[in-house]
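Source file: structure-v9.json; contents: JSON, C-alpha atoms and all ligand atoms.
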```
[["chain", "number", "residue", "atom", "x", "y", "z"],
["U", 1, "MET", "CA", 19.78, -59.61, 10.45],
["U", 2, "GLU", "CA", 21.93, -57.82, 7.90],
["U", 3, "LYS", "CA", 25.07, -59.65, 6.81],
["U", 4, "PHE", "CA", 28.30, -58.53, 5.20],
["U", 5, "LEU", "CA", 30.10, -60.45, 2.50],
["U", 6, "LEU", "CA", 33.71, -61.14, 3.43],
["U", 7, "ARG", "CA", 36.53, -61.15, 0.89],
["U", 8, "ASP", "CA", 36.78, -64.96, 1.23],
["U", 9, "GLY", "CA", 33.16, -65.41, 0.12],
["U", 10, "ASN", "CA", 31.70, -66.13, 3.57],
["U", 11, "GLU", "CA", 28.93, -64.05, 5.06],
["U", 12, "ILE", "CA", 29.10, -62.60, 8.56],
["U", 13, "PRO", "CA", 26.19, -61.18, 10.59],
["U", 14, "ALA", "CA", 26.68, -57.42, 11.02],
["U", 15, "VAL", "CA", 26.03, -57.55, 14.76],
["U", 16, "GLY", "CA", 27.86, -60.03, 16.94],
["U", 17, "PHE", "CA", 27.48, -60.65, 20.64],
["U", 18, "GLY", "CA", 30.72, -59.95, 22.52],
["U", 19, "VAL", "CA", 31.53, -61.94, 25.65],
["U", 20, "PHE", "CA", 34.85, -60.39, 26.73],
["U", 21, "MET", "CA", 34.96, -60.11, 30.54],
["U", 22, "ILE", "CA", 31.76, -62.08, 31.07],
["U", 23, "PRO", "CA", 32.77, -64.61, 33.74],
["U", 24, "ALA", "CA", 32.66, -68.34, 33.14],
["U", 25, "ASP", "CA", 30.53, -68.94, 36.23],
["U", 26, "GLY", "CA", 27.36, -69.59, 34.30],
["U", 27, "SER", "CA", 27.02, -65.94, 33.29],
["U", 28, "THR", "CA", 28.49, -66.47, 29.84],
["U", 29, "TYR", "CA", 26.21, -69.46, 29.29],
["U", 30, "LYS", "CA", 23.19, -67.42, 30.32],
["U", 31, "ALA", "CA", 24.13, -64.37, 28.28],
["U", 32, "VAL", "CA", 24.82, -66.40, 25.13],
["U", 33, "ARG", "CA", 21.57, -68.36, 25.53],
["U", 34, "SER", "CA", 19.57, -65.14, 25.76],
["U", 35, "ALA", "CA", 21.49, -63.59, 22.87],
["U", 36, "LEU", "CA", 20.69, -66.58, 20.66],
["U", 37, "GLU", "CA", 17.06, -66.52, 21.78],
["U", 38, "VAL", "CA", 16.60, -62.91, 20.71],
["U", 39, "GLY", "CA", 18.21, -63.51, 17.33],
["U", 40, "TYR", "CA", 21.99, -63.10, 17.53],
["U", 41, "ARG", "CA", 23.76, -65.50, 15.18],
["U", 42, "HIS", "CA", 27.29, -64.29, 15.72],
["U", 43, "ILE", "CA", 29.21, -64.74, 18.97],
["U", 44, "ASP", "CA", 32.66, -63.30, 19.60],
["U", 45, "THR", "CA", 34.96, -64.96, 22.12],
["U", 46, "ALA", "CA", 38.67, -65.82, 22.49],
["U", 47, "ALA", "CA", 40.89, -68.36, 24.22],
["U", 48, "ALA", "CA", 41.93, -65.56, 26.56],
["U", 49, "TYR", "CA", 38.36, -64.76, 27.61],
["U", 50, "PHE", "CA", 38.35, -68.16, 29.35],
["U", 51, "ASN", "CA", 34.68, -68.66, 28.60],
["U", 52, "GLU", "CA", 34.77, -70.57, 25.29],
["U", 53, "ALA", "CA", 33.42, -73.72, 26.91],
["U", 54, "GLU", "CA", 30.30, -71.90, 28.11],
["U", 55, "VAL", "CA", 29.82, -70.37, 24.66],
["U", 56, "GLY", "CA", 30.03, -73.87, 23.15],
["U", 57, "LYS", "CA", 27.56, -75.33, 25.60],
["U", 58, "ALA", "CA", 25.11, -72.47, 25.08],
["U", 59, "VAL", "CA", 25.28, -72.93, 21.31],
["U", 60, "LYS", "CA", 24.77, -76.67, 21.62],
["U", 61, "ASP", "CA", 21.87, -76.39, 24.07],
["U", 62, "SER", "CA", 20.16, -73.70, 21.97],
["U", 63, "GLY", "CA", 19.14, -76.32, 19.43],
["U", 64, "ILE", "CA", 19.95, -73.88, 16.60],
["U", 65, "ALA", "CA", 21.79, -75.51, 13.70],
["U", 66, "ARG", "CA", 25.50, -74.95, 14.13],
["U", 67, "GLU", "CA", 25.92, -73.72, 10.56],
["U", 68, "GLU", "CA", 23.52, -70.86, 11.27],
["U", 69, "ILE", "CA", 25.82, -69.44, 13.94],
["U", 70, "PHE", "CA", 29.04, -67.57, 13.20],
["U", 71, "ILE", "CA", 31.48, -68.03, 16.07],
["U", 72, "THR", "CA", 34.70, -66.08, 16.31],
["U", 73, "SER", "CA", 37.47, -67.20, 18.60],
["U", 74, "LYS", "CA", 41.04, -65.99, 18.79],
["U", 75, "LEU", "CA", 44.44, -67.46, 19.31],
["U", 76, "TRP", "CA", 46.36, -65.54, 21.91],
["U", 77, "LEU", "CA", 49.91, -64.27, 21.86],
["U", 78, "GLN", "CA", 51.30, -67.55, 23.16],
["U", 79, "ASP", "CA", 50.12, -69.19, 19.94],
["U", 80, "HIS", "CA", 51.55, -66.62, 17.60],
["U", 81, "GLY", "CA", 54.68, -67.28, 15.60],
["U", 82, "TYR", "CA", 54.86, -68.95, 12.21],
["U", 83, "ALA", "CA", 54.58, -72.63, 13.04],
["U", 84, "ALA", "CA", 51.93, -72.45, 15.76],
["U", 85, "ALA", "CA", 49.64, -69.96, 14.12],
["U", 86, "ARG", "CA", 49.95, -71.42, 10.63],
["U", 87, "LYS", "CA", 49.26, -74.93, 11.89],
["U", 88, "ALA", "CA", 46.23, -73.73, 13.79],
["U", 89, "LEU", "CA", 44.71, -71.39, 11.20],
["U", 90, "GLU", "CA", 45.55, -72.12, 7.56],
["U", 91, "ASP", "CA", 45.53, -75.91, 8.09],
["U", 92, "ALA", "CA", 42.26, -75.73, 9.98],
["U", 93, "LYS", "CA", 40.73, -73.73, 7.14],
["U", 94, "SER", "CA", 41.86, -76.18, 4.48],
["U", 95, "GLU", "CA", 40.45, -79.04, 6.54],
["U", 96, "GLY", "CA", 37.11, -77.25, 6.75],
["U", 97, "MET", "CA", 37.32, -76.79, 10.53],
["U", 98, "ILE", "CA", 37.13, -73.02, 10.24],
["U", 99, "HIS", "CA", 35.74, -70.81, 7.51],
["U", 100, "SER", "CA", 37.39, -67.43, 7.75],
["U", 101, "ILE", "CA", 40.66, -66.11, 9.10],
["U", 102, "GLY", "CA", 40.90, -62.73, 10.76],
["U", 103, "VAL", "CA", 43.23, -60.72, 12.95],
["U", 104, "SER", "CA", 42.72, -58.28, 15.75],
["U", 105, "ASN", "CA", 44.22, -55.11, 17.12],
["U", 106, "MET", "CA", 46.34, -54.49, 14.04],
["U", 107, "THR", "CA", 47.15, -50.81, 13.73],
["U", 108, "PRO", "CA", 48.19, -49.46, 10.30],
["U", 109, "GLU", "CA", 51.83, -49.94, 11.35],
["U", 110, "ILE", "CA", 51.33, -53.57, 12.45],
["U", 111, "TRP", "CA", 49.19, -54.35, 9.39],
["U", 112, "ASN", "CA", 51.76, -52.95, 6.95],
["U", 113, "ARG", "CA", 54.58, -54.76, 8.69],
["U", 114, "PHE", "CA", 53.07, -58.26, 8.76],
["U", 115, "VAL", "CA", 50.17, -58.72, 6.36],
["U", 116, "PRO", "CA", 52.15, -58.38, 3.10],
["U", 117, "SER", "CA", 53.88, -61.69, 3.97],
["U", 118, "PHE", "CA", 50.68, -63.60, 4.79],
["U", 119, "GLU", "CA", 49.46, -66.21, 2.36],
["U", 120, "THR", "CA", 45.86, -65.38, 3.32],
["U", 121, "VAL", "CA", 44.84, -61.75, 3.58],
["U", 122, "PRO", "CA", 42.69, -61.64, 6.74],
["U", 123, "ALA", "CA", 38.95, -61.29, 6.17],
["U", 124, "VAL", "CA", 38.56, -59.00, 9.18],
["U", 125, "ASN", "CA", 40.60, -56.89, 11.57],
["U", 126, "GLN", "CA", 38.94, -56.50, 14.96],
["U", 127, "VAL", "CA", 39.96, -53.24, 16.59],
["U", 128, "GLU", "CA", 38.68, -50.68, 19.05],
["U", 129, "CYS", "CA", 36.25, -48.40, 17.24],
["U", 130, "ASN", "CA", 33.43, -46.08, 18.27],
["U", 131, "PRO", "CA", 32.17, -42.64, 17.17],
["U", 132, "TYR", "CA", 34.89, -40.91, 19.19],
["U", 133, "PHE", "CA", 37.60, -43.15, 17.67],
["U", 134, "GLN", "CA", 36.70, -43.93, 14.09],
["U", 135, "GLN", "CA", 39.97, -45.47, 12.87],
["U", 136, "ARG", "CA", 40.09, -43.46, 9.64],
["U", 137, "ARG", "CA", 43.69, -44.23, 8.68],
["U", 138, "LEU", "CA", 43.25, -47.94, 9.30],
["U", 139, "ARG", "CA", 39.93, -48.08, 7.45],
["U", 140, "LYS", "CA", 41.52, -46.63, 4.34],
["U", 141, "ILE", "CA", 44.12, -49.41, 4.35],
["U", 142, "LEU", "CA", 41.52, -52.12, 5.02],
["U", 143, "ASP", "CA", 39.18, -50.80, 2.32],
["U", 144, "GLU", "CA", 41.93, -51.10, -0.28],
["U", 145, "SER", "CA", 41.98, -54.89, 0.28],
["U", 146, "ASP", "CA", 38.25, -55.29, 0.98],
["U", 147, "VAL", "CA", 38.94, -56.25, 4.61],
["U", 148, "LYS", "CA", 36.10, -55.61, 7.04],
["U", 149, "LEU", "CA", 36.63, -53.76, 10.28],
["U", 150, "GLU", "CA", 35.06, -55.39, 13.32],
["U", 151, "ALA", "CA", 34.50, -52.90, 16.12],
["U", 152, "TRP", "CA", 35.21, -53.95, 19.68],
["U", 153, "GLY", "CA", 33.94, -51.52, 22.28],
["U", 154, "PRO", "CA", 31.46, -50.15, 19.70],
["U", 155, "LEU", "CA", 29.64, -48.32, 22.50],
["U", 156, "GLY", "CA", 32.89, -46.84, 23.76],
["U", 157, "GLN", "CA", 32.87, -49.56, 26.44],
["U", 158, "GLY", "CA", 29.85, -47.92, 28.00],
["U", 159, "ASN", "CA", 31.43, -44.41, 27.90],
["U", 160, "LYS", "CA", 28.81, -42.18, 29.53],
["U", 161, "LYS", "CA", 29.98, -39.09, 27.66],
["U", 162, "LEU", "CA", 29.50, -40.85, 24.34],
["U", 163, "LEU", "CA", 26.15, -42.33, 25.35],
["U", 164, "SER", "CA", 24.91, -38.87, 26.35],
["U", 165, "ASP", "CA", 26.52, -36.94, 23.49],
["U", 166, "PRO", "CA", 24.04, -34.21, 22.43],
["U", 167, "LEU", "CA", 24.04, -35.21, 18.75],
["U", 168, "ILE", "CA", 23.46, -38.87, 19.58],
["U", 169, "THR", "CA", 20.73, -37.99, 22.08],
["U", 170, "GLU", "CA", 19.03, -35.77, 19.51],
["U", 171, "LEU", "CA", 19.05, -38.55, 16.92],
["U", 172, "ALA", "CA", 17.81, -41.05, 19.50],
["U", 173, "GLU", "CA", 14.80, -38.82, 20.14],
["U", 174, "LYS", "CA", 14.17, -38.30, 16.44],
["U", 175, "TYR", "CA", 14.18, -42.03, 15.62],
["U", 176, "ASN", "CA", 12.68, -43.17, 18.91],
["U", 177, "LYS", "CA", 15.74, -45.31, 19.56],
["U", 178, "SER", "CA", 18.27, -45.46, 22.39],
["U", 179, "ALA", "CA", 21.67, -43.77, 22.18],
["U", 180, "GLY", "CA", 23.25, -47.22, 21.94],
["U", 181, "GLN", "CA", 21.10, -48.10, 18.95],
["U", 182, "ILE", "CA", 22.03, -44.86, 17.15],
["U", 183, "ILE", "CA", 25.72, -45.57, 17.70],
["U", 184, "LEU", "CA", 25.50, -49.15, 16.48],
["U", 185, "ARG", "CA", 23.38, -48.15, 13.49],
["U", 186, "PHE", "CA", 25.96, -45.50, 12.53],
["U", 187, "GLU", "CA", 28.75, -48.05, 12.68],
["U", 188, "VAL", "CA", 26.90, -50.69, 10.66],
["U", 189, "GLN", "CA", 25.94, -48.06, 8.08],
["U", 190, "GLU", "CA", 29.66, -47.25, 7.86],
["U", 191, "GLY", "CA", 30.25, -50.87, 6.88],
["U", 192, "MET", "CA", 31.53, -52.13, 10.20],
["U", 193, "ILE", "CA", 30.72, -55.34, 11.99],
["U", 194, "VAL", "CA", 29.87, -54.43, 15.60],
["U", 195, "LEU", "CA", 30.35, -56.47, 18.76],
["U", 196, "PRO", "CA", 28.35, -54.79, 21.54],
["U", 197, "LYS", "CA", 28.62, -56.40, 24.97],
["U", 198, "SER", "CA", 25.88, -56.55, 27.51],
["U", 199, "THR", "CA", 24.67, -58.76, 30.30],
["U", 200, "ASN", "CA", 21.36, -56.89, 30.50],
["U", 201, "PRO", "CA", 18.57, -58.78, 28.65],
["U", 202, "GLU", "CA", 16.82, -55.60, 27.50],
["U", 203, "ARG", "CA", 20.04, -54.12, 26.10],
["U", 204, "ILE", "CA", 21.07, -57.46, 24.56],
["U", 205, "ARG", "CA", 17.79, -57.36, 22.66],
["U", 206, "SER", "CA", 17.80, -53.68, 21.76],
["U", 207, "ASN", "CA", 21.37, -53.72, 20.46],
["U", 208, "LEU", "CA", 20.13, -55.99, 17.69],
["U", 209, "ALA", "CA", 17.08, -53.89, 16.84],
["U", 210, "ILE", "CA", 18.87, -51.49, 14.52],
["U", 211, "PHE", "CA", 17.67, -52.67, 11.13],
["U", 212, "ASP", "CA", 14.28, -50.94, 11.03],
["U", 213, "PHE", "CA", 15.59, -47.41, 10.46],
["U", 214, "ALA", "CA", 18.40, -45.65, 8.60],
["U", 215, "LEU", "CA", 20.37, -42.50, 9.35],
["U", 216, "ALA", "CA", 20.32, -39.82, 6.66],
["U", 217, "GLU", "CA", 23.58, -38.94, 4.91],
["U", 218, "GLU", "CA", 23.82, -35.52, 6.59],
["U", 219, "GLU", "CA", 23.33, -37.21, 9.98],
["U", 220, "MET", "CA", 26.08, -39.68, 9.10],
["U", 221, "ASP", "CA", 28.34, -36.72, 8.28],
["U", 222, "LYS", "CA", 27.63, -35.09, 11.64],
["U", 223, "LEU", "CA", 28.37, -38.37, 13.43],
["U", 224, "ARG", "CA", 31.60, -38.75, 11.43],
["U", 225, "ALA", "CA", 32.62, -35.34, 12.78],
["U", 226, "LEU", "CA", 32.54, -36.68, 16.37],
["U", 227, "ASP", "CA", 35.82, -38.50, 15.74],
["U", 228, "THR", "CA", 38.65, -37.45, 18.07],
["U", 229, "GLY", "CA", 41.15, -39.90, 16.59],
["U", 230, "LYS", "CA", 41.94, -41.20, 20.06],
["U", 231, "GLY", "CA", 41.07, -44.51, 21.71],
["U", 232, "THR", "CA", 41.85, -46.23, 24.99],
["U", 233, "HIS", "CA", 44.13, -49.00, 23.73],
["U", 234, "ASP", "CA", 47.28, -48.45, 21.69],
["U", 235, "PRO", "CA", 48.64, -51.76, 20.39],
["U", 236, "ASN", "CA", 51.73, -49.91, 19.11],
["U", 237, "ALA", "CA", 52.72, -48.80, 22.61],
["U", 238, "GLU", "CA", 55.91, -50.07, 24.19],
["U", 239, "GLY", "CA", 55.40, -53.18, 26.35],
["U", 240, "VAL", "CA", 51.84, -54.04, 25.24],
["U", 241, "GLY", "CA", 52.81, -57.56, 24.13],
["U", 242, "GLU", "CA", 54.56, -58.27, 27.42],
["U", 243, "MET", "CA", 51.61, -56.91, 29.41],
["U", 244, "LEU", "CA", 49.14, -59.13, 27.54],
["U", 245, "LEU", "CA", 51.33, -62.21, 27.89],
["U", 246, "ALA", "CA", 51.68, -61.62, 31.62],
["U", 247, "ASN", "CA", 47.98, -60.99, 32.22],
["U", 248, "TYR", "CA", 46.38, -63.71, 30.10],
["U", 249, "LYS", "CA", 47.87, -67.14, 30.67],
["U", 250, "VAL", "CA", 45.91, -69.18, 28.15],
["U", 251, "HIS", "CA", 47.87, -72.41, 28.60],
["U", 252, "ASP", "CA", 47.91, -72.61, 32.41],
["R", 301, "LIG", "P1", 25.44, -53.67, 30.48],
["R", 301, "LIG", "O1", 26.08, -55.02, 30.51],
["R", 301, "LIG", "O2", 24.90, -53.26, 31.81],
["R", 301, "LIG", "O3", 24.44, -53.52, 29.35],
["R", 301, "LIG", "P2", 31.06, -52.05, 24.61],
["R", 301, "LIG", "O4", 30.22, -53.05, 23.88],
["R", 301, "LIG", "O5", 31.36, -50.83, 23.82],
["R", 301, "LIG", "O6", 32.31, -52.66, 25.20],
["R", 301, "LIG", "O7", 30.20, -51.51, 25.85],
["R", 301, "LIG", "C1", 29.81, -52.39, 26.87],
["R", 301, "LIG", "C2", 29.26, -51.59, 28.02],
["R", 301, "LIG", "O8", 28.16, -50.81, 27.58],
["R", 301, "LIG", "C3", 28.76, -52.44, 29.13],
["R", 301, "LIG", "O9", 29.08, -51.76, 30.33],
["R", 301, "LIG", "C4", 27.25, -52.49, 28.94],
["R", 301, "LIG", "O10", 26.61, -52.59, 30.20],
["R", 301, "LIG", "C5", 26.97, -51.17, 28.29],
["R", 301, "LIG", "N1", 25.91, -51.25, 27.28],
["R", 301, "LIG", "C6", 25.63, -52.25, 26.42],
["R", 301, "LIG", "N2", 24.63, -51.94, 25.60],
["R", 301, "LIG", "C7", 24.25, -50.67, 25.92],
["R", 301, "LIG", "C8", 23.26, -49.77, 25.44],
["R", 301, "LIG", "N3", 22.45, -50.12, 24.42],
["R", 301, "LIG", "N4", 23.16, -48.57, 26.02],
["R", 301, "LIG", "C9", 23.96, -48.21, 27.06],
["R", 301, "LIG", "N5", 24.92, -49.02, 27.56],
["R", 301, "LIG", "C10", 25.07, -50.23, 27.00]]
```
Please rewrite the model in this file as structure tokens.
Ligand code: A2P
Amino acid sequence: MEKFLLRDGNEIPAVGFGVFMIPADGSTYKAVRSALEVGYRHIDTAAAYFNEAEVGKAVKDSGIAREEIFITSKLWLQDHGYAAARKALEDAKSEGMIHSIGVSNMTPEIWNRFVPSFETVPAVNQVECNPYFQQRRLRKILDESDVKLEAWGPLGQGNKKLLSDPLITELAEKYNKSAGQIILRFEVQEGMIVLPKSTNPERIRSNLAIFDFALAEEEMDKLRALDTGKGTHDPNAEGVGEMLLANYKVHD
């Protein structure tokens, strides 16, 4: 599995297994166990996904050495604010409890407003990104500080139009790969960490099988031209913070 070097010196596997919306009724445990079995070494969860315990149990039961597995979790909005977040993150890093600090859903506006006052420049910013929403403006800002973009919804959250896009279908035929694999390969070749989600064993496996081929530069250019500049989630929108606080009660 290809890895990227983060600005803090740690390495992160280019493909992570996302578990957002996978229920904590045994499904997360099962999905993470099968992901680890087929070779994933990077799992992406959050306090607000309410399935961290199943991720932990799956990792433990897998028998794979803990240091071989990169696990991302996230504080939620209730834990933001200077004292709470600092205590949790920078202290935990200095005590060796965590290795890297990242942020998520920071638009250029949010990044420019907050990050200049951080002691630690985040190693990653996890945002919505897919071939129809390539985050060009944000990527320019992140590149300047060697911050990696992690793509959530890298398959457009299963967007059928994207998965049957003529260019992507044509490339899938050429390389004997699925549309999903072409999309993920494009994103990794662009330098992004990708977090595809699936509960289907065959797709869990195939989403990782993207390191045995490479897209040509002119194909990359054509894929870059699919960008519409528009996504589904706008963290800058009025009331987003309130909506997230109301819908995800991480301390109840
Ligand atoms: P499933 O769980 O049935 O595989 P994203 O990672 O962009 O949020 O997309 C997740 C959605 O895409 C899920 O509905 C998932 O369904 C579907 N999916 C995951 N991998 C693939 C793939 N390789 N090809 C097509 N659809 C996929």
At most 7 Å is the cut-off: for each residue in chain U with any atom that close to an atom of ligand LIG 301 (chain R), write down the nearest atom pair and the distance in Å rounded to one decimal, counting all atoms listed in the file, chain first then increasing number, as CSV.
```
residue,atom,partner,partner_atom,distance
U:Trp152,CA,R:LIG301,O6,6.4
U:Gly153,CA,R:LIG301,O5,3.1
U:Pro154,CA,R:LIG301,O5,4.2
U:Leu155,CA,R:LIG301,O5,3.3
U:Gly156,CA,R:LIG301,O5,4.3
U:Gln157,CA,R:LIG301,O5,3.3
U:Gly158,CA,R:LIG301,O8,3.4
U:Leu163,CA,R:LIG301,C9,6.5
U:Ser178,CA,R:LIG301,N3,6.6
U:Ala179,CA,R:LIG301,N4,6.3
U:Gly180,CA,R:LIG301,N3,3.9
U:Gln181,CA,R:LIG301,N3,6.0
U:Leu195,CA,R:LIG301,O4,6.2
U:Pro196,CA,R:LIG301,O4,3.5
U:Lys197,CA,R:LIG301,O4,3.9
U:Ser198,CA,R:LIG301,O1,3.4
U:Thr199,CA,R:LIG301,O1,4.0
U:Asn200,CA,R:LIG301,O3,4.7
U:Arg203,CA,R:LIG301,N3,5.0
U:Ile204,CA,R:LIG301,N2,6.7
U:Ser206,CA,R:LIG301,N3,6.4
U:Asn207,CA,R:LIG301,N3,5.5
```
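Closest approach to Glu37 of chain U from the set U:Pro201, U:Leu171, U:Val55, U:Ile101 is made by U:Pro201, with distances taken over all atoms listed in the file.
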(request) Find the residue from U:Asn51, U:Ser73, U:Asn105, U:Ser94 that sits nearest to Asp25 of chain U; use only C-alpha atoms when measuring. (result) U:Asn51
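Between Arg185 of chain U and the residues U:Gly63, U:Asn10, U:Gly241, U:Glu2, the shortest atom-to-atom distance, using only C-alpha atoms, involves U:Glu2.
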Please, which residues are within 12 Å of (41.2, -49.3, 14.1) by the file's coordinates, counting only C-alpha atoms, and could they come as a short mmCIF file (atom, residue, chain, number, x, y, z; two decimals) with C-alpha atoms, in the frame of the given file?
```
data_model
loop_
_atom_site.label_atom_id
_atom_site.label_comp_id
_atom_site.auth_asym_id
_atom_site.auth_seq_id
_atom_site.Cartn_x
_atom_site.Cartn_y
_atom_site.Cartn_z
CA VAL U 103 43.23 -60.72 12.95
CA SER U 104 42.72 -58.28 15.75
CA ASN U 105 44.22 -55.11 17.12
CA MET U 106 46.34 -54.49 14.04
CA THR U 107 47.15 -50.81 13.73
CA PRO U 108 48.19 -49.46 10.30
CA GLU U 109 51.83 -49.94 11.35
CA ILE U 110 51.33 -53.57 12.45
CA TRP U 111 49.19 -54.35 9.39
CA VAL U 124 38.56 -59.00 9.18
CA ASN U 125 40.60 -56.89 11.57
CA GLN U 126 38.94 -56.50 14.96
CA VAL U 127 39.96 -53.24 16.59
CA GLU U 128 38.68 -50.68 19.05
CA CYS U 129 36.25 -48.40 17.24
CA ASN U 130 33.43 -46.08 18.27
CA PRO U 131 32.17 -42.64 17.17
CA TYR U 132 34.89 -40.91 19.19
CA PHE U 133 37.60 -43.15 17.67
CA GLN U 134 36.70 -43.93 14.09
CA GLN U 135 39.97 -45.47 12.87
CA ARG U 136 40.09 -43.46 9.64
CA ARG U 137 43.69 -44.23 8.68
CA LEU U 138 43.25 -47.94 9.30
CA ARG U 139 39.93 -48.08 7.45
CA LYS U 140 41.52 -46.63 4.34
CA ILE U 141 44.12 -49.41 4.35
CA LEU U 142 41.52 -52.12 5.02
CA VAL U 147 38.94 -56.25 4.61
CA LYS U 148 36.10 -55.61 7.04
CA LEU U 149 36.63 -53.76 10.28
CA GLU U 150 35.06 -55.39 13.32
CA ALA U 151 34.50 -52.90 16.12
CA TRP U 152 35.21 -53.95 19.68
CA GLY U 153 33.94 -51.52 22.28
CA PRO U 154 31.46 -50.15 19.70
CA MET U 192 31.53 -52.13 10.20
CA GLY U 229 41.15 -39.90 16.59
CA LYS U 230 41.94 -41.20 20.06
CA GLY U 231 41.07 -44.51 21.71
CA THR U 232 41.85 -46.23 24.99
CA HIS U 233 44.13 -49.00 23.73
CA ASP U 234 47.28 -48.45 21.69
CA PRO U 235 48.64 -51.76 20.39
CA ASN U 236 51.73 -49.91 19.11
#
```
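Compared by their closest atoms to Asp61 of chain U, and using all atoms listed in the file, the residues U:Leu36, U:Ala216, U:Met21, U:Met1 rank with U:Leu36 nearest.
The space between atom CA of Glu52 of chain U and atom CA of Thr28 of chain U spans 8.8 Å.
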(request) Rounded to one decimal place, report the atom CA of Ile43 of chain U-atom CA of Arg224 of chain U distance in Å. (result) 27.2 Å
(request) Give me, please, the distance in Å between atom CA of Ser62 of chain U and atom CA of Ser27 of chain U, quoted to one decimal. (result) 15.3 Å
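In terms of minimum interatomic distance to Glu218 of chain U, U:Phe186 ranks closest within U:Val194, U:Phe186, U:Lys30, U:Arg205, counting all atoms listed in the file.
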All file atoms of segment 148-165 of chain U boxed axis-aligned, 3 Å per side, centre plus edges, as AutoDock Vina command-line options:
```
--center_x 30.8 --center_y -46.3 --center_z 18.3 --size_x 17.7 --size_y 24.7 --size_z 28.5
```
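Distances here use all atoms listed in the file; by that measure, the residue among U:Val59, U:Leu89, U:Val115, U:Leu6 closest to Arg33 of chain U is U:Val59.
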(message) With only C-alpha atoms as the counted atoms, please give the residues lying no more than 9 Å from Lys3 of chain U, apart from itself and same-chain residues fewer than 6 positions off, as number ranges by chain.
(response) U: 11-15, 193
(request) Find the residues around Glu90 of chain U up to 9 Å (all atoms listed in the file counted), leave out those fewer than 5 positions away in its own chain, and share them as a PyMOL selection string. (result) chain U and resi 85+95+98+101+119-120
(request) Just the residues within 12 Å of Glu219 of chain U, please, counting only C-alpha atoms, with nothing from its chain fewer than 2 positions along; format it as a PyMOL selection string. (result) chain U and resi 167-168+170-172+174-175+182-183+185-186+189+214-217+221-226
